[in-house]
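Q: Quick one: structure below, then a few questions.
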Amino acid sequence: DLEVAIKVVVVGNGAVGKSSMIRRYCKGVYTQDYKKTIGVDFLEREIEVDDDNVRLMVWDTAGQEEFDSITKAYYRGAQVCVLAFSTTDKDSFDAIERWKNKVEAECGAIVMVVVQNKIDLIDESAVSAEDVEALTKRLKLHLFRTSVKENFNIDEVFLYLSRKFLSQ
Ligand code: GDP
Ligand code: MG
C-alpha cells in the first residue's frame, strides 16, 4: 500500500478543453464559460489505484498556450502528461507532436497519453479517425476519446496514467 503523489501536466492548444477537464476531474463541475482563477497552479484529486493511494496534482497552464510562454515551473518535476486536442480543431491535432516534443525537452520521457476531447461534437469533426489512430500509433501513445461536457472517459484517462506511472 503506497502513498504516491504525482504531478500531472495537461498541454495542448488553447480552447481544446484543458481547464474544463481539470475542473471536471478534480471538482466534478462543468461550465461552458469558465474563466480560470488567477493564482491557482493546480487542482488535486485522490484516487485509489489497485491498493495504492494516489494524489494527483493536475496543473493547468493559466491560458498560456504558446510553447514558449509556459514557464519552467509548470513543467518542473512533472511525472505524467496529457496531450490534448479537440475533435473540432484540426490545428490542435496537428500540434500534438510538437507538444510531445516540448514536454520531452522539458521533462524527459515521462508517461504520456493523447486525449481527443469534445467527442460529443463528432458530427462537426475536423479530424479523421484514421489520422488520429495513425498518429498515436506512430508516437506509440495510448488514445482516449473524451467529452468533458458529457463526463465521458475522463476518469479513465487519469486512472490509466496513474497505473502506467506506478508500473514503470
Ligand atoms: P482550454 O483553453 O484548453 O483550457 O479550454 P477550456 O477548458 O477553456 O474550454 C474551451 C471551451 O470548450 C469552453 O467553452 C468549454 O466549455 C468547451 N469544452 C470543453 N470541453 C468540452 C467538451 O468535451 N465538449 C464540448 N462541446 N465543449 C467543451
Ligand atoms: Mg485553460
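FYI, nothing fancy with the C-alpha cells labels: chains A, B, ... in order, residues from 1 per chain, ligands from 1 as they appear.
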Could I get the residue neighbourhood of ligand 2 at 7 Å, counting only C-alpha atoms and all ligand atoms, as a ChimeraX atom specification?
A: /A:14-15,17-19,36,60-63
Q: From the DSSP assignment of the backbone, select every residue of chain A that is strand (DSSP E), and format the answer as a PyMOL selection string.
A: chain A and resi 3-11+42-49+52-59+80-86+111-117+143-145
Q: Keeping C-alpha atoms, export the residues of the selection given above as a short mmCIF file (atom, residue, chain, number, x, y, z; two decimals), in the first residue's frame.
A:
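Once everything was written out, this is selection17.cif:
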```
data_model
loop_
_atom_site.label_atom_id
_atom_site.label_comp_id
_atom_site.auth_asym_id
_atom_site.auth_seq_id
_atom_site.Cartn_x
_atom_site.Cartn_y
_atom_site.Cartn_z
CA GLU A 3 1.09 6.70 -0.80
CA VAL A 4 2.12 8.39 -4.02
CA ALA A 5 1.84 11.98 -5.22
CA ILE A 6 2.00 12.52 -8.98
CA LYS A 7 2.39 15.83 -10.79
CA VAL A 8 0.32 15.82 -13.97
CA VAL A 9 0.66 18.44 -16.68
CA VAL A 10 -2.06 18.98 -19.28
CA VAL A 11 -0.90 20.58 -22.51
CA PHE A 42 -3.08 23.07 -9.85
CA LEU A 43 -6.08 21.15 -8.56
CA GLU A 44 -5.86 17.88 -6.69
CA ARG A 45 -7.72 14.61 -6.54
CA GLU A 46 -7.00 11.49 -4.53
CA ILE A 47 -7.81 8.12 -6.01
CA GLU A 48 -7.24 4.52 -5.10
CA VAL A 49 -5.33 2.60 -7.76
CA ASP A 52 -2.23 2.28 -3.62
CA ASN A 53 -3.36 5.76 -2.67
CA VAL A 54 -2.52 8.24 -5.38
CA ARG A 55 -2.75 12.01 -5.02
CA LEU A 56 -2.85 13.60 -8.45
CA MET A 57 -1.79 17.22 -8.66
CA VAL A 58 -3.14 18.35 -12.02
CA TRP A 59 -1.55 21.53 -13.30
CA VAL A 80 2.88 12.31 -16.30
CA CYS A 81 1.32 14.30 -19.13
CA VAL A 82 -1.94 14.64 -21.02
CA LEU A 83 -1.52 15.77 -24.65
CA ALA A 84 -4.94 17.19 -25.53
CA PHE A 85 -6.58 18.22 -28.78
CA SER A 86 -10.14 18.96 -29.84
CA VAL A 111 4.31 8.84 -19.07
CA MET A 112 2.01 10.41 -21.66
CA VAL A 113 -1.37 9.88 -23.23
CA VAL A 114 -3.22 11.53 -26.12
CA VAL A 115 -6.72 12.81 -25.44
CA GLN A 116 -9.16 13.66 -28.21
CA ASN A 117 -11.66 15.84 -26.37
CA LEU A 143 -5.52 7.40 -27.21
CA PHE A 144 -8.59 8.29 -25.17
CA ARG A 145 -11.60 9.90 -26.77
#
```
Q: Let me make sure I understand: among A:Asp1, A:Phe165, A:Asn153, A:Gly12, which one has the smallest atom-to-atom distance to Asn101 (chain A) if we use only C-alpha atoms?
A: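 Smallest distance to Asn101 (chain A) is found for A:Gly12.
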Q: How many Å separate CA of Asn13 (chain A) from CA of Lys164 (chain A)?
A: 24.5 Å
Q: Skipping near chain neighbours, those fewer than 4 positions away, what residues fall within 12 Å of Gly28 (chain A) using only C-alpha atoms, listed as a list in words?
A: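 Here the answer would be Ser20, Met21, Ile22, Arg23, Arg24, Leu43, Glu44, Arg45, Val148, Lys149, Glu150, Asn151, Ile154 and Asp155 of chain A.
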Q: My list of candidates is A:Lys72, A:Lys118, A:Arg163, A:Lys137. Which is closest to ligand 1 when distances are computed with only C-alpha atoms and all ligand atoms?
A: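 Comparing A:Lys72, A:Lys118, A:Arg163, A:Lys137 against ligand 1, the winner is A:Lys118.
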Q: Do a neighbour search on Cys107 (chain A) at 8 Å with only C-alpha atoms, toss out local chain neighbours closer than 4 positions, and write the hits as an NGL selection string.
A: :A and (75-79 or 103)
Q: Interatomic distance between CA of Val127 (chain A) and CA of Glu65 (chain A)?
A: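 CA of Val127 (chain A) sits 20.6 Å away from CA of Glu65 (chain A).
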Q: Just asking: which residues within region 66-150 of chain A are alpha helix (DSSP H) according to DSSP, as a VMD selection string?
A: chain A and resid 72 to 75 90 to 94 96 to 107 129 to 139
Q: Please save N, CA and C atoms of the selected residues as a compact mmCIF listing (two decimals), in the first residue's frame.
A:
```
# COMPACT_ATOMS: atom_id res chain seq x y z
N LYS A 72 9.00 27.39 -16.91
CA LYS A 72 9.73 26.19 -16.48
C LYS A 72 9.08 25.57 -15.25
N ALA A 73 8.56 26.43 -14.38
CA ALA A 73 7.93 25.95 -13.15
C ALA A 73 6.74 25.04 -13.45
N TYR A 74 6.07 25.33 -14.56
CA TYR A 74 4.92 24.49 -14.93
C TYR A 74 5.37 23.04 -15.18
N TYR A 75 6.48 22.88 -15.88
CA TYR A 75 6.95 21.54 -16.23
C TYR A 75 7.77 20.87 -15.13
N LYS A 90 -8.59 21.20 -36.15
CA LYS A 90 -7.51 20.49 -36.86
C LYS A 90 -6.13 20.96 -36.41
N ASP A 91 -5.99 22.27 -36.22
CA ASP A 91 -4.68 22.80 -35.78
C ASP A 91 -4.25 22.18 -34.45
N SER A 92 -5.22 21.98 -33.58
CA SER A 92 -4.87 21.43 -32.26
C SER A 92 -4.39 19.98 -32.40
N PHE A 93 -4.94 19.26 -33.37
CA PHE A 93 -4.47 17.89 -33.66
C PHE A 93 -3.07 17.94 -34.26
N ASP A 94 -2.88 18.84 -35.22
CA ASP A 94 -1.57 18.95 -35.88
C ASP A 94 -0.46 19.35 -34.90
N ILE A 96 -0.10 18.24 -31.80
CA ILE A 96 0.16 17.23 -30.75
C ILE A 96 1.62 16.77 -30.71
N GLU A 97 2.19 16.52 -31.87
CA GLU A 97 3.57 16.02 -31.87
C GLU A 97 4.54 17.08 -31.35
N ARG A 98 4.27 18.35 -31.69
CA ARG A 98 5.12 19.42 -31.18
C ARG A 98 4.98 19.54 -29.67
N TRP A 99 3.76 19.37 -29.14
CA TRP A 99 3.58 19.40 -27.69
C TRP A 99 4.35 18.25 -27.04
N LYS A 100 4.29 17.09 -27.66
CA LYS A 100 5.03 15.94 -27.11
C LYS A 100 6.52 16.24 -27.05
N ASN A 101 7.04 16.79 -28.15
CA ASN A 101 8.47 17.10 -28.19
C ASN A 101 8.83 18.15 -27.14
N LYS A 102 7.96 19.12 -26.97
CA LYS A 102 8.19 20.18 -25.98
C LYS A 102 8.25 19.59 -24.57
N VAL A 103 7.28 18.73 -24.26
CA VAL A 103 7.25 18.12 -22.93
C VAL A 103 8.49 17.25 -22.72
N GLU A 104 8.87 16.51 -23.74
CA GLU A 104 10.06 15.65 -23.62
C GLU A 104 11.32 16.48 -23.43
N ALA A 105 11.37 17.63 -24.10
CA ALA A 105 12.54 18.52 -23.94
C ALA A 105 12.62 19.05 -22.51
N GLU A 106 11.48 19.29 -21.91
CA GLU A 106 11.46 19.87 -20.56
C GLU A 106 11.53 18.81 -19.46
N CYS A 107 10.90 17.67 -19.70
CA CYS A 107 10.69 16.68 -18.63
C CYS A 107 11.33 15.32 -18.89
N ALA A 129 -10.76 9.69 -38.00
CA ALA A 129 -10.34 8.66 -37.04
C ALA A 129 -9.05 7.99 -37.51
N GLU A 130 -8.90 7.82 -38.82
CA GLU A 130 -7.70 7.17 -39.37
C GLU A 130 -6.45 8.00 -39.06
N ASP A 131 -6.57 9.31 -39.25
CA ASP A 131 -5.42 10.19 -38.99
C ASP A 131 -5.04 10.17 -37.50
N VAL A 132 -6.04 10.16 -36.66
CA VAL A 132 -5.79 10.15 -35.21
C VAL A 132 -5.11 8.84 -34.82
N GLU A 133 -5.64 7.74 -35.34
CA GLU A 133 -5.05 6.44 -35.00
C GLU A 133 -3.65 6.29 -35.56
N ALA A 134 -3.43 6.82 -36.76
CA ALA A 134 -2.09 6.74 -37.36
C ALA A 134 -1.08 7.52 -36.52
N LEU A 135 -1.47 8.68 -36.06
CA LEU A 135 -0.55 9.48 -35.25
C LEU A 135 -0.22 8.81 -33.92
N THR A 136 -1.25 8.36 -33.22
CA THR A 136 -1.00 7.79 -31.90
C THR A 136 -0.21 6.48 -32.01
N LYS A 137 -0.44 5.76 -33.10
CA LYS A 137 0.34 4.54 -33.34
C LYS A 137 1.80 4.89 -33.58
N ARG A 138 2.03 5.90 -34.41
CA ARG A 138 3.41 6.31 -34.72
C ARG A 138 4.12 6.83 -33.47
N LEU A 139 3.41 7.58 -32.65
CA LEU A 139 4.01 8.12 -31.43
C LEU A 139 4.06 7.09 -30.30
```
Q: Go ahead and compute the interatomic distance for atom 23 (O, counted along the ligand's line) of ligand 1 and CA of Thr71 (chain A), in Å to one decimal.
A: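 Computed distance, atom 23 (O, counted along the ligand's line) of ligand 1 to CA of Thr71 (chain A), equals 26.3 Å.
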Q: Would you mind telling me which residue in A:Thr88, A:Gln168, A:Ser128, A:Ser147 lies nearest to ligand 1 when using only C-alpha atoms and all ligand atoms?
A: A:Ser147
Q: Pick from A:Ile119, A:Leu2, A:Ala126, A:Val29: nearest to ligand 1, with only C-alpha atoms and all ligand atoms counted?
A: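 Result for the nearest residue to ligand 1: A:Ile119.
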Q: Nearest to ligand 1 among A:His142, A:Gln32, A:Ala95, A:Leu161, with distances taken over only C-alpha atoms and all ligand atoms: which residue is it?
A: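 Using only C-alpha atoms and all ligand atoms, the shortest distance to ligand 1 belongs to A:Gln32.
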Q: Considering only C-alpha atoms and all ligand atoms, can you say which of A:Thr146, A:Gly108, A:Ser69, A:Tyr25 comes closest to ligand 1?
A: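 Using only C-alpha atoms and all ligand atoms, the shortest distance to ligand 1 belongs to A:Thr146.
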